[in-house]
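> Below are the structure tokens for one structure; questions will follow.
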Amino acid sequence: MLLQRIGNRGIRLGTLFERAASRHPSNVLILDHDLDTAPQLGRRATIAEAADAVDDLASRLWAVGVRPGTRVVVYKTDGFDITLMACAAARVGAVPVLLSPQLDGATAAELVRRTEQPFLVTDRTKLDTELPEEVFALAERVILTSGDHEQATALASLAGVRRIPPVTMPPDHPTLITHTSGTTGTPKLAVHTGRSLQARYLPQATAVRPVLPGRETIALHVSFVHSRLFTALAISLLRGFPIVVLRDSEPAHVADLFARLRPGVLEAHPNSFMEWEELADDPRGPLSNVKLFSSTFDAIHPRTVRTLLAATRRRGALFGQLYGQSEVGPAVVRAFSRRRGEDEDGRCVGVPFPGMTDVRVVSRDGNPPSADNPGYIEVRSDGRIVTYLGEQQRYDKQLSDGGWWRMGDVGYRTKWGCVHLLDREVDLIEDFGSTLAAEDTLFGRLDELTEVIIIPGPDGRATPIVCTKNDEPLDSVRWQSAASLLNPMAEPVHMRLDELPQTATTKIKRLELARLLADRLPVGA
């Protein structure tokens, strides 16, 4: 943690684009979609133009009464202008609260209520199709990024307002509020400060610099409401890397874009990389120039790592894996190269950042944690959030003496200090072993799988949910051969990938999936 504190003046989101523009004004931002709030940027703009758009949006927020310390909830149709709006709110000293467009309107309204009379930035589509009428009473003021409404202020009506200078807030003041994944219920609102976000930026920037000594085009497909996007942007913008921001992860779309732009760095969530495996066979070589694949916060299947690394022609290409959580940021890092063996353990997520993060595994039953008896994984980092908004008691419950944060995962550490992640606490299936390790095995042996999730069935038995390429039927002989390596399971349940409930970061909501399975396959069926 000591190295996270050296020179830590806070990430300063409000001036991030401005500072990047002062260093690299002609650097470019490329989008695969149009922006509601800044249509003038089009799909290709300089960083200087993006900085001007942030300044303009900040001035419009000021014009409607947003002031330092004010909370500004952003819940709108998906797009990079969510990120620009967050930077604009921070520029006037306000605290952006980012809600995923994937949240249903009732959940979004509940989070607006917890935020206590914030300004709400949304659009007519969300008002008409998602948000309940009560949201007008829950917000100080509703601001529309598109369309109009008699009870709201259209952002477009504020064009041309007087520009104002940026407001600098103390580094320990809240600077961003994001929500947790919601895999285990209603999301919690995680409060980040400028200093905590900078503490997340430092280890990542330090790890990346020797891997990327020169200028590379970086392509980002990360949830626009996730804290990770802001540290990834800071690394890219301040080093002058051209940035490609994707909203659409559909493989054919991505292949067309990458074949033309040839990115040197790809940053995405694990499920996106799984979806992009088919790009490896594209004769145009959309992945051929990638020097670094970067996957955030969850372990990734070994098959995906091998497939993507085999598709690049760059010498010394790496797949960087970060394990962490919205509440603490990245805690553990591991890099894979083409030399990775077929039998490499995908549950090994790496080691802490020296001098910056620390990890321990605490026994659940008094016996030493091991592969057969995993313990609770706990992390210590200056990147930890300072509270859950309105739920301090819930925050304190996960924090122990010495600043150790309970991750909600179980695993163990090897004698070499490597952390092995075996399961979420809530997903443990008694007497089955690691569901994540079993999924790695199945995914590695069955190329036809696009996803496999093992959850408790209605009778408590481990039940695999499988998705296949083009939704083709699963070959029962091949399945039995692969499954024979594992503890006994129920028969697989075939579902379409789009049927699986997902979070904003494309994680599968396992508890919700188990409830869907119970409705579909009652006990005794």
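Simple scheme: letters A, B, ... for chains in structure tokens order, numbers from 1 for residues in each chain, numbers from 1 for ligands in the order shown.
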Give me the region 300-396 of chain A side of the contact with region 248-262 of chain A, cut-off 12 Å, one line per residue showing its nearest atom pair and distance in Å at one decimal, counting only C-alpha atoms, sorted by chain and residue number, as CSV.


residue,atom,partner,partner_atom,distance
A:Thr312,CA,A:Arg262,CA,10.6
A:Arg313,CA,A:Arg262,CA,11.6
A:Arg314,CA,A:Arg262,CA,11.5

> For the residues in that selection, give me N, CA and C atoms as a tab-separated table (two decimals), in the first residue's frame.


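The result, stored in result_8.tsv:
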chain	number	residue	atom	x	y	z
A	312	THR	N	-2.56	-13.73	-32.56
A	312	THR	CA	-1.75	-12.54	-32.78
A	312	THR	C	-0.37	-12.91	-33.32
A	313	ARG	N	0.14	-12.01	-34.14
A	313	ARG	CA	1.47	-12.24	-34.72
A	313	ARG	C	2.55	-11.42	-33.99
A	314	ARG	N	2.15	-10.68	-32.97
A	314	ARG	CA	3.12	-9.85	-32.24
A	314	ARG	C	4.05	-10.72	-31.41

> Just the residues within 9 Å of Pro174 (chain A), please, counting only C-alpha atoms, with nothing from its chain fewer than 4 positions along; format it as a ChimeraX atom specification.

/A:69,94-95,169-170,191-194,386

> Can those selected residues be exported to a file as an mmCIF file, in the first residue's frame so that it contains C-alpha atoms?


data_model
loop_
_atom_site.group_PDB
_atom_site.id
_atom_site.type_symbol
_atom_site.label_atom_id
_atom_site.label_comp_id
_atom_site.auth_asym_id
_atom_site.auth_seq_id
_atom_site.Cartn_x
_atom_site.Cartn_y
_atom_site.Cartn_z
ATOM 1 C CA GLY A 69 -20.887 17.997 -3.558
ATOM 2 C CA ALA A 94 -20.272 17.112 -8.158
ATOM 3 C CA VAL A 95 -20.323 13.367 -7.520
ATOM 4 C CA MET A 169 -12.166 18.936 -4.787
ATOM 5 C CA PRO A 170 -9.922 17.428 -2.061
ATOM 6 C CA VAL A 191 -18.264 5.333 -3.011
ATOM 7 C CA HIS A 192 -14.843 6.057 -4.560
ATOM 8 C CA THR A 193 -12.624 9.027 -3.745
ATOM 9 C CA GLY A 194 -10.080 10.675 -5.989
ATOM 10 C CA VAL A 386 -14.773 4.299 1.577
#

> Could you pull out the helix (DSSP H, G or I) residues of region 77-235 of chain A, going by DSSP on the backbone, and write them as a PDB file with N, CA and C atoms, in the first residue's frame?


ATOM      1  N   ASP A  81     -21.112   8.491 -23.787  1.00  0.00           N
ATOM      2  CA  ASP A  81     -21.421   9.784 -23.166  1.00  0.00           C
ATOM      3  C   ASP A  81     -21.786   9.629 -21.694  1.00  0.00           C
ATOM      4  N   ILE A  82     -22.055   8.407 -21.221  1.00  0.00           N
ATOM      5  CA  ILE A  82     -22.182   8.166 -19.781  1.00  0.00           C
ATOM      6  C   ILE A  82     -20.869   8.529 -19.101  1.00  0.00           C
ATOM      7  N   THR A  83     -19.770   8.088 -19.708  1.00  0.00           N
ATOM      8  CA  THR A  83     -18.440   8.373 -19.169  1.00  0.00           C
ATOM      9  C   THR A  83     -18.123   9.866 -19.251  1.00  0.00           C
ATOM     10  N   LEU A  84     -18.435  10.483 -20.386  1.00  0.00           N
ATOM     11  CA  LEU A  84     -18.184  11.918 -20.531  1.00  0.00           C
ATOM     12  C   LEU A  84     -19.012  12.716 -19.517  1.00  0.00           C
ATOM     13  N   MET A  85     -20.245  12.285 -19.276  1.00  0.00           N
ATOM     14  CA  MET A  85     -21.095  12.976 -18.309  1.00  0.00           C
ATOM     15  C   MET A  85     -20.536  12.831 -16.892  1.00  0.00           C
ATOM     16  N   ALA A  86     -19.977  11.686 -16.572  1.00  0.00           N
ATOM     17  CA  ALA A  86     -19.356  11.500 -15.258  1.00  0.00           C
ATOM     18  C   ALA A  86     -18.189  12.471 -15.079  1.00  0.00           C
ATOM     19  N   CYS A  87     -17.360  12.605 -16.114  1.00  0.00           N
ATOM     20  CA  CYS A  87     -16.232  13.535 -16.039  1.00  0.00           C
ATOM     21  C   CYS A  87     -16.734  14.981 -15.943  1.00  0.00           C
ATOM     22  N   ALA A  88     -17.831  15.283 -16.640  1.00  0.00           N
ATOM     23  CA  ALA A  88     -18.402  16.632 -16.597  1.00  0.00           C
ATOM     24  C   ALA A  88     -18.923  16.959 -15.209  1.00  0.00           C
ATOM     25  N   ALA A  89     -19.610  16.008 -14.576  1.00  0.00           N
ATOM     26  CA  ALA A  89     -20.105  16.236 -13.212  1.00  0.00           C
ATOM     27  C   ALA A  89     -18.948  16.458 -12.252  1.00  0.00           C
ATOM     28  N   ALA A  90     -17.895  15.623 -12.388  1.00  0.00           N
ATOM     29  CA  ALA A  90     -16.723  15.787 -11.522  1.00  0.00           C
ATOM     30  C   ALA A  90     -16.042  17.126 -11.764  1.00  0.00           C
ATOM     31  N   ARG A  91     -16.135  17.653 -12.972  1.00  0.00           N
ATOM     32  CA  ARG A  91     -15.486  18.920 -13.318  1.00  0.00           C
ATOM     33  C   ARG A  91     -16.076  20.100 -12.553  1.00  0.00           C
ATOM     34  N   GLY A 105     -36.047  -0.434 -14.356  1.00  0.00           N
ATOM     35  CA  GLY A 105     -36.425   0.879 -13.854  1.00  0.00           C
ATOM     36  C   GLY A 105     -36.718   0.909 -12.367  1.00  0.00           C
ATOM     37  N   ALA A 106     -37.316  -0.156 -11.834  1.00  0.00           N
ATOM     38  CA  ALA A 106     -37.634  -0.189 -10.400  1.00  0.00           C
ATOM     39  C   ALA A 106     -36.357  -0.195  -9.567  1.00  0.00           C
ATOM     40  N   THR A 107     -35.361  -0.984  -9.992  1.00  0.00           N
ATOM     41  CA  THR A 107     -34.087  -1.019  -9.267  1.00  0.00           C
ATOM     42  C   THR A 107     -33.381   0.329  -9.375  1.00  0.00           C
ATOM     43  N   ALA A 108     -33.384   0.919 -10.574  1.00  0.00           N
ATOM     44  CA  ALA A 108     -32.771   2.232 -10.759  1.00  0.00           C
ATOM     45  C   ALA A 108     -33.442   3.269  -9.861  1.00  0.00           C
ATOM     46  N   ALA A 109     -34.767   3.237  -9.768  1.00  0.00           N
ATOM     47  CA  ALA A 109     -35.485   4.188  -8.922  1.00  0.00           C
ATOM     48  C   ALA A 109     -35.119   4.005  -7.455  1.00  0.00           C
ATOM     49  N   GLU A 110     -34.952   2.750  -7.028  1.00  0.00           N
ATOM     50  CA  GLU A 110     -34.551   2.488  -5.643  1.00  0.00           C
ATOM     51  C   GLU A 110     -33.166   3.070  -5.360  1.00  0.00           C
ATOM     52  N   LEU A 111     -32.258   2.948  -6.316  1.00  0.00           N
ATOM     53  CA  LEU A 111     -30.915   3.499  -6.129  1.00  0.00           C
ATOM     54  C   LEU A 111     -30.939   5.026  -6.171  1.00  0.00           C
ATOM     55  N   VAL A 112     -31.830   5.615  -6.967  1.00  0.00           N
ATOM     56  CA  VAL A 112     -32.010   7.072  -6.947  1.00  0.00           C
ATOM     57  C   VAL A 112     -32.506   7.497  -5.558  1.00  0.00           C
ATOM     58  N   ARG A 113     -33.426   6.727  -5.000  1.00  0.00           N
ATOM     59  CA  ARG A 113     -33.936   7.048  -3.656  1.00  0.00           C
ATOM     60  C   ARG A 113     -32.799   7.040  -2.632  1.00  0.00           C
ATOM     61  N   ARG A 114     -31.931   6.025  -2.701  1.00  0.00           N
ATOM     62  CA  ARG A 114     -30.808   5.942  -1.761  1.00  0.00           C
ATOM     63  C   ARG A 114     -29.851   7.118  -1.910  1.00  0.00           C
ATOM     64  N   ARG A 124     -35.562  10.273 -22.743  1.00  0.00           N
ATOM     65  CA  ARG A 124     -36.999  10.052 -22.886  1.00  0.00           C
ATOM     66  C   ARG A 124     -37.320   8.555 -22.979  1.00  0.00           C
ATOM     67  N   THR A 125     -36.431   7.791 -23.608  1.00  0.00           N
ATOM     68  CA  THR A 125     -36.669   6.354 -23.731  1.00  0.00           C
ATOM     69  C   THR A 125     -36.751   5.693 -22.364  1.00  0.00           C
ATOM     70  N   LYS A 126     -35.805   6.030 -21.481  1.00  0.00           N
ATOM     71  CA  LYS A 126     -35.826   5.458 -20.133  1.00  0.00           C
ATOM     72  C   LYS A 126     -37.072   5.901 -19.365  1.00  0.00           C
ATOM     73  N   LEU A 127     -37.469   7.154 -19.540  1.00  0.00           N
ATOM     74  CA  LEU A 127     -38.677   7.639 -18.865  1.00  0.00           C
ATOM     75  C   LEU A 127     -39.917   6.886 -19.354  1.00  0.00           C
ATOM     76  N   ASP A 128     -39.981   6.628 -20.649  1.00  0.00           N
ATOM     77  CA  ASP A 128     -41.165   6.000 -21.224  1.00  0.00           C
ATOM     78  C   ASP A 128     -41.235   4.496 -20.982  1.00  0.00           C
ATOM     79  N   THR A 129     -40.076   3.841 -20.927  1.00  0.00           N
ATOM     80  CA  THR A 129     -40.083   2.368 -20.912  1.00  0.00           C
ATOM     81  C   THR A 129     -39.569   1.737 -19.633  1.00  0.00           C
ATOM     82  N   VAL A 135     -40.082   8.779 -10.002  1.00  0.00           N
ATOM     83  CA  VAL A 135     -38.702   9.234 -10.087  1.00  0.00           C
ATOM     84  C   VAL A 135     -38.616  10.758 -10.074  1.00  0.00           C
ATOM     85  N   PHE A 136     -39.661  11.447 -10.556  1.00  0.00           N
ATOM     86  CA  PHE A 136     -39.637  12.909 -10.543  1.00  0.00           C
ATOM     87  C   PHE A 136     -39.646  13.450  -9.115  1.00  0.00           C
ATOM     88  N   ALA A 137     -40.302  12.731  -8.210  1.00  0.00           N
ATOM     89  CA  ALA A 137     -40.319  13.154  -6.810  1.00  0.00           C
ATOM     90  C   ALA A 137     -39.024  12.768  -6.091  1.00  0.00           C
ATOM     91  N   LEU A 138     -38.340  11.740  -6.597  1.00  0.00           N
ATOM     92  CA  LEU A 138     -37.113  11.268  -5.962  1.00  0.00           C
ATOM     93  C   LEU A 138     -35.900  12.109  -6.338  1.00  0.00           C
ATOM     94  N   LEU A 155     -31.210  18.731 -22.089  1.00  0.00           N
ATOM     95  CA  LEU A 155     -29.815  19.180 -22.107  1.00  0.00           C
ATOM     96  C   LEU A 155     -29.557  20.066 -23.317  1.00  0.00           C
ATOM     97  N   ALA A 156     -30.205  19.745 -24.440  1.00  0.00           N
ATOM     98  CA  ALA A 156     -30.004  20.518 -25.667  1.00  0.00           C
ATOM     99  C   ALA A 156     -30.440  21.971 -25.513  1.00  0.00           C
ATOM    100  N   SER A 157     -31.395  22.226 -24.615  1.00  0.00           N
ATOM    101  CA  SER A 157     -31.875  23.594 -24.420  1.00  0.00           C
ATOM    102  C   SER A 157     -30.858  24.479 -23.721  1.00  0.00           C
ATOM    103  N   LEU A 158     -29.797  23.879 -23.214  1.00  0.00           N
ATOM    104  CA  LEU A 158     -28.777  24.632 -22.473  1.00  0.00           C
ATOM    105  C   LEU A 158     -27.548  24.929 -23.328  1.00  0.00           C
ATOM    106  N   GLY A 194     -11.146  10.437  -5.028  1.00  0.00           N
ATOM    107  CA  GLY A 194     -10.080  10.675  -5.989  1.00  0.00           C
ATOM    108  C   GLY A 194      -8.823   9.902  -5.630  1.00  0.00           C
ATOM    109  N   ARG A 195      -8.544   9.805  -4.327  1.00  0.00           N
ATOM    110  CA  ARG A 195      -7.335   9.110  -3.890  1.00  0.00           C
ATOM    111  C   ARG A 195      -7.461   7.594  -4.083  1.00  0.00           C
ATOM    112  N   SER A 196      -8.642   7.030  -3.809  1.00  0.00           N
ATOM    113  CA  SER A 196      -8.796   5.578  -3.957  1.00  0.00           C
ATOM    114  C   SER A 196      -8.714   5.168  -5.434  1.00  0.00           C
ATOM    115  N   LEU A 197      -9.275   5.973  -6.334  1.00  0.00           N
ATOM    116  CA  LEU A 197      -9.171   5.647  -7.754  1.00  0.00           C
ATOM    117  C   LEU A 197      -7.737   5.777  -8.255  1.00  0.00           C
ATOM    118  N   GLN A 198      -7.024   6.780  -7.769  1.00  0.00           N
ATOM    119  CA  GLN A 198      -5.624   6.926  -8.159  1.00  0.00           C
ATOM    120  C   GLN A 198      -4.800   5.744  -7.642  1.00  0.00           C
ATOM    121  N   ALA A 199      -5.161   5.228  -6.467  1.00  0.00           N
ATOM    122  CA  ALA A 199      -4.468   4.067  -5.911  1.00  0.00           C
ATOM    123  C   ALA A 199      -4.712   2.825  -6.761  1.00  0.00           C
ATOM    124  N   ARG A 200      -5.811   2.792  -7.502  1.00  0.00           N
ATOM    125  CA  ARG A 200      -6.056   1.694  -8.437  1.00  0.00           C
ATOM    126  C   ARG A 200      -5.290   1.900  -9.740  1.00  0.00           C
ATOM    127  N   TYR A 201      -5.198   3.157 -10.135  1.00  0.00           N
ATOM    128  CA  TYR A 201      -4.495   3.491 -11.379  1.00  0.00           C
ATOM    129  C   TYR A 201      -3.005   3.137 -11.291  1.00  0.00           C
ATOM    130  N   LEU A 202      -2.372   3.430 -10.167  1.00  0.00           N
ATOM    131  CA  LEU A 202      -0.925   3.293 -10.049  1.00  0.00           C
ATOM    132  C   LEU A 202      -0.397   1.881 -10.316  1.00  0.00           C
ATOM    133  N   PRO A 203      -0.939   0.828  -9.673  1.00  0.00           N
ATOM    134  CA  PRO A 203      -0.390  -0.509  -9.963  1.00  0.00           C
ATOM    135  C   PRO A 203      -0.596  -0.930 -11.403  1.00  0.00           C
ATOM    136  N   GLN A 204      -1.739  -0.556 -11.994  1.00  0.00           N
ATOM    137  CA  GLN A 204      -1.999  -0.947 -13.373  1.00  0.00           C
ATOM    138  C   GLN A 204      -1.063  -0.217 -14.334  1.00  0.00           C
ATOM    139  N   ALA A 205      -0.876   1.085 -14.114  1.00  0.00           N
ATOM    140  CA  ALA A 205       0.018   1.856 -14.972  1.00  0.00           C
ATOM    141  C   ALA A 205       1.447   1.349 -14.856  1.00  0.00           C
ATOM    142  N   THR A 206       1.847   0.983 -13.635  1.00  0.00           N
ATOM    143  CA  THR A 206       3.196   0.470 -13.406  1.00  0.00           C
ATOM    144  C   THR A 206       3.406  -0.860 -14.111  1.00  0.00           C
ATOM    145  N   ALA A 207       2.402  -1.749 -14.043  1.00  0.00           N
ATOM    146  CA  ALA A 207       2.527  -3.067 -14.664  1.00  0.00           C
ATOM    147  C   ALA A 207       2.542  -2.988 -16.180  1.00  0.00           C
ATOM    148  N   VAL A 208       1.815  -2.042 -16.747  1.00  0.00           N
ATOM    149  CA  VAL A 208       1.660  -1.952 -18.202  1.00  0.00           C
ATOM    150  C   VAL A 208       2.873  -1.315 -18.878  1.00  0.00           C
ATOM    151  N   SER A 227     -15.996   1.346 -12.624  1.00  0.00           N
ATOM    152  CA  SER A 227     -14.838   2.154 -12.207  1.00  0.00           C
ATOM    153  C   SER A 227     -13.589   1.794 -13.006  1.00  0.00           C
ATOM    154  N   ARG A 228     -13.490   0.552 -13.468  1.00  0.00           N
ATOM    155  CA  ARG A 228     -12.323   0.124 -14.222  1.00  0.00           C
ATOM    156  C   ARG A 228     -12.111   0.967 -15.475  1.00  0.00           C
ATOM    157  N   LEU A 229     -13.199   1.387 -16.111  1.00  0.00           N
ATOM    158  CA  LEU A 229     -13.064   2.155 -17.341  1.00  0.00           C
ATOM    159  C   LEU A 229     -12.282   3.441 -17.110  1.00  0.00           C
ATOM    160  N   PHE A 230     -12.458   4.063 -15.955  1.00  0.00           N
ATOM    161  CA  PHE A 230     -11.815   5.354 -15.707  1.00  0.00           C
ATOM    162  C   PHE A 230     -10.310   5.209 -15.497  1.00  0.00           C
ATOM    163  N   THR A 231      -9.873   4.124 -14.845  1.00  0.00           N
ATOM    164  CA  THR A 231      -8.430   3.925 -14.711  1.00  0.00           C
ATOM    165  C   THR A 231      -7.812   3.512 -16.045  1.00  0.00           C
ATOM    166  N   ALA A 232      -8.536   2.716 -16.827  1.00  0.00           N
ATOM    167  CA  ALA A 232      -8.029   2.337 -18.153  1.00  0.00           C
ATOM    168  C   ALA A 232      -7.912   3.565 -19.048  1.00  0.00           C
ATOM    169  N   LEU A 233      -8.903   4.446 -18.982  1.00  0.00           N
ATOM    170  CA  LEU A 233      -8.849   5.683 -19.767  1.00  0.00           C
ATOM    171  C   LEU A 233      -7.673   6.558 -19.346  1.00  0.00           C
ATOM    172  N   ALA A 234      -7.459   6.667 -18.030  1.00  0.00           N
ATOM    173  CA  ALA A 234      -6.364   7.514 -17.541  1.00  0.00           C
ATOM    174  C   ALA A 234      -5.024   7.024 -18.073  1.00  0.00           C
ATOM    175  N   ILE A 235      -4.824   5.702 -18.044  1.00  0.00           N
ATOM    176  CA  ILE A 235      -3.570   5.143 -18.558  1.00  0.00           C
ATOM    177  C   ILE A 235      -3.410   5.471 -20.034  1.00  0.00           C
TER     178      ILE A 235
END

> What lies within 7 Å of Glu327 (chain A) using only C-alpha atoms, ignoring chain neighbours under 3 positions off, as a list of chain:residue names?

A:Ala190, A:Arg384, A:Ile385

> Can you list, as a count of residues only, every residue of region 133-349 of chain A that DSSP puts in strand (DSSP E)?

50

> Give me the residues within 6 Å of region 333-338 of chain A as a PyMOL selection string, counting only C-alpha atoms and dropping any in the same chain fewer than 5 places off.

chain A and resi 318-322+350-351

> Restricting it to N, CA and C atoms, dump the selection as an mmCIF file, in the first residue's frame.


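Produced file out.cif, reproduced below:
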data_model
loop_
_atom_site.group_PDB
_atom_site.id
_atom_site.type_symbol
_atom_site.label_atom_id
_atom_site.label_comp_id
_atom_site.auth_asym_id
_atom_site.auth_seq_id
_atom_site.Cartn_x
_atom_site.Cartn_y
_atom_site.Cartn_z
ATOM 1 N N LEU A 318 1.128 -10.918 -24.721
ATOM 2 C CA LEU A 318 0.735 -11.383 -23.389
ATOM 3 C C LEU A 318 -0.769 -11.262 -23.194
ATOM 4 N N PHE A 319 -1.272 -12.107 -22.325
ATOM 5 C CA PHE A 319 -2.645 -11.984 -21.855
ATOM 6 C C PHE A 319 -2.551 -11.634 -20.374
ATOM 7 N N GLY A 320 -2.945 -10.420 -20.017
ATOM 8 C CA GLY A 320 -2.872 -9.968 -18.631
ATOM 9 C C GLY A 320 -4.211 -10.153 -17.937
ATOM 10 N N GLN A 321 -4.194 -10.825 -16.805
ATOM 11 C CA GLN A 321 -5.415 -11.091 -16.061
ATOM 12 C C GLN A 321 -5.368 -10.380 -14.716
ATOM 13 N N LEU A 322 -6.398 -9.602 -14.438
ATOM 14 C CA LEU A 322 -6.512 -8.916 -13.152
ATOM 15 C C LEU A 322 -7.672 -9.525 -12.374
ATOM 16 N N GLY A 350 -3.017 -15.297 -9.897
ATOM 17 C CA GLY A 350 -1.809 -14.489 -9.840
ATOM 18 C C GLY A 350 -1.371 -14.109 -8.442
ATOM 19 N N VAL A 351 -0.559 -13.061 -8.382
ATOM 20 C CA VAL A 351 0.024 -12.600 -7.118
ATOM 21 C C VAL A 351 -0.289 -11.116 -6.930
#

> Taking only C-alpha atoms into account, which of A:Leu98, A:Ile6, A:Ala317, A:Cys418 comes nearest Arg360 (chain A)?

A:Cys418

> Kindly give the distance, in Å, that separates CA of Ala51 (chain A) and CA of Pro101 (chain A), rounded to a single decimal.

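The value is 24.1 Å.
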
> Check the smallest atom-to-atom distance from each of A:Glu448, A:Gln117, A:Val92, A:Ile454 to Asp475 (chain A) using only C-alpha atoms, then report the winner.

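Once distances to Asp475 (chain A) are computed over only C-alpha atoms, the minimum belongs to A:Glu448.
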
> Between A:Arg19, A:Arg347, A:Arg162, A:Lys415, which residue has the minimum interatomic distance to Pro369 (chain A), considering only C-alpha atoms?

A:Lys415

> If we count only C-alpha atoms and set the cut-off at 6 Å, which residues sit around Gly375 (chain A), ignoring sequence neighbours fewer than 2 positions away in its own chain? Please answer as a ChimeraX atom specification.

/A:361-364,369,410-411

> Any chance you can output those residues with N, CA and C atoms as a PDB file, in the first residue's frame?


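The new file out.pdb reads:
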ATOM      1  N   VAL A 361      -5.673 -15.576   2.864  1.00  0.00           N
ATOM      2  CA  VAL A 361      -6.795 -16.506   2.816  1.00  0.00           C
ATOM      3  C   VAL A 361      -7.039 -17.012   4.229  1.00  0.00           C
ATOM      4  N   VAL A 362      -8.251 -16.797   4.730  1.00  0.00           N
ATOM      5  CA  VAL A 362      -8.612 -17.090   6.114  1.00  0.00           C
ATOM      6  C   VAL A 362      -9.412 -18.382   6.180  1.00  0.00           C
ATOM      7  N   SER A 363      -9.076 -19.218   7.115  1.00  0.00           N
ATOM      8  CA  SER A 363      -9.758 -20.503   7.250  1.00  0.00           C
ATOM      9  C   SER A 363     -11.246 -20.331   7.543  1.00  0.00           C
ATOM     10  N   ARG A 364     -12.045 -21.243   6.989  1.00  0.00           N
ATOM     11  CA  ARG A 364     -13.481 -21.239   7.268  1.00  0.00           C
ATOM     12  C   ARG A 364     -13.842 -22.141   8.439  1.00  0.00           C
ATOM     13  N   PRO A 369      -6.383 -23.412   4.863  1.00  0.00           N
ATOM     14  CA  PRO A 369      -7.012 -23.407   3.535  1.00  0.00           C
ATOM     15  C   PRO A 369      -6.180 -24.197   2.530  1.00  0.00           C
ATOM     16  N   VAL A 410     -13.902 -17.788  -2.308  1.00  0.00           N
ATOM     17  CA  VAL A 410     -13.098 -18.746  -1.552  1.00  0.00           C
ATOM     18  C   VAL A 410     -12.003 -19.300  -2.444  1.00  0.00           C
ATOM     19  N   GLY A 411     -10.881 -19.647  -1.809  1.00  0.00           N
ATOM     20  CA  GLY A 411      -9.748 -20.178  -2.541  1.00  0.00           C
ATOM     21  C   GLY A 411      -8.618 -20.516  -1.594  1.00  0.00           C
TER      22      GLY A 411
END
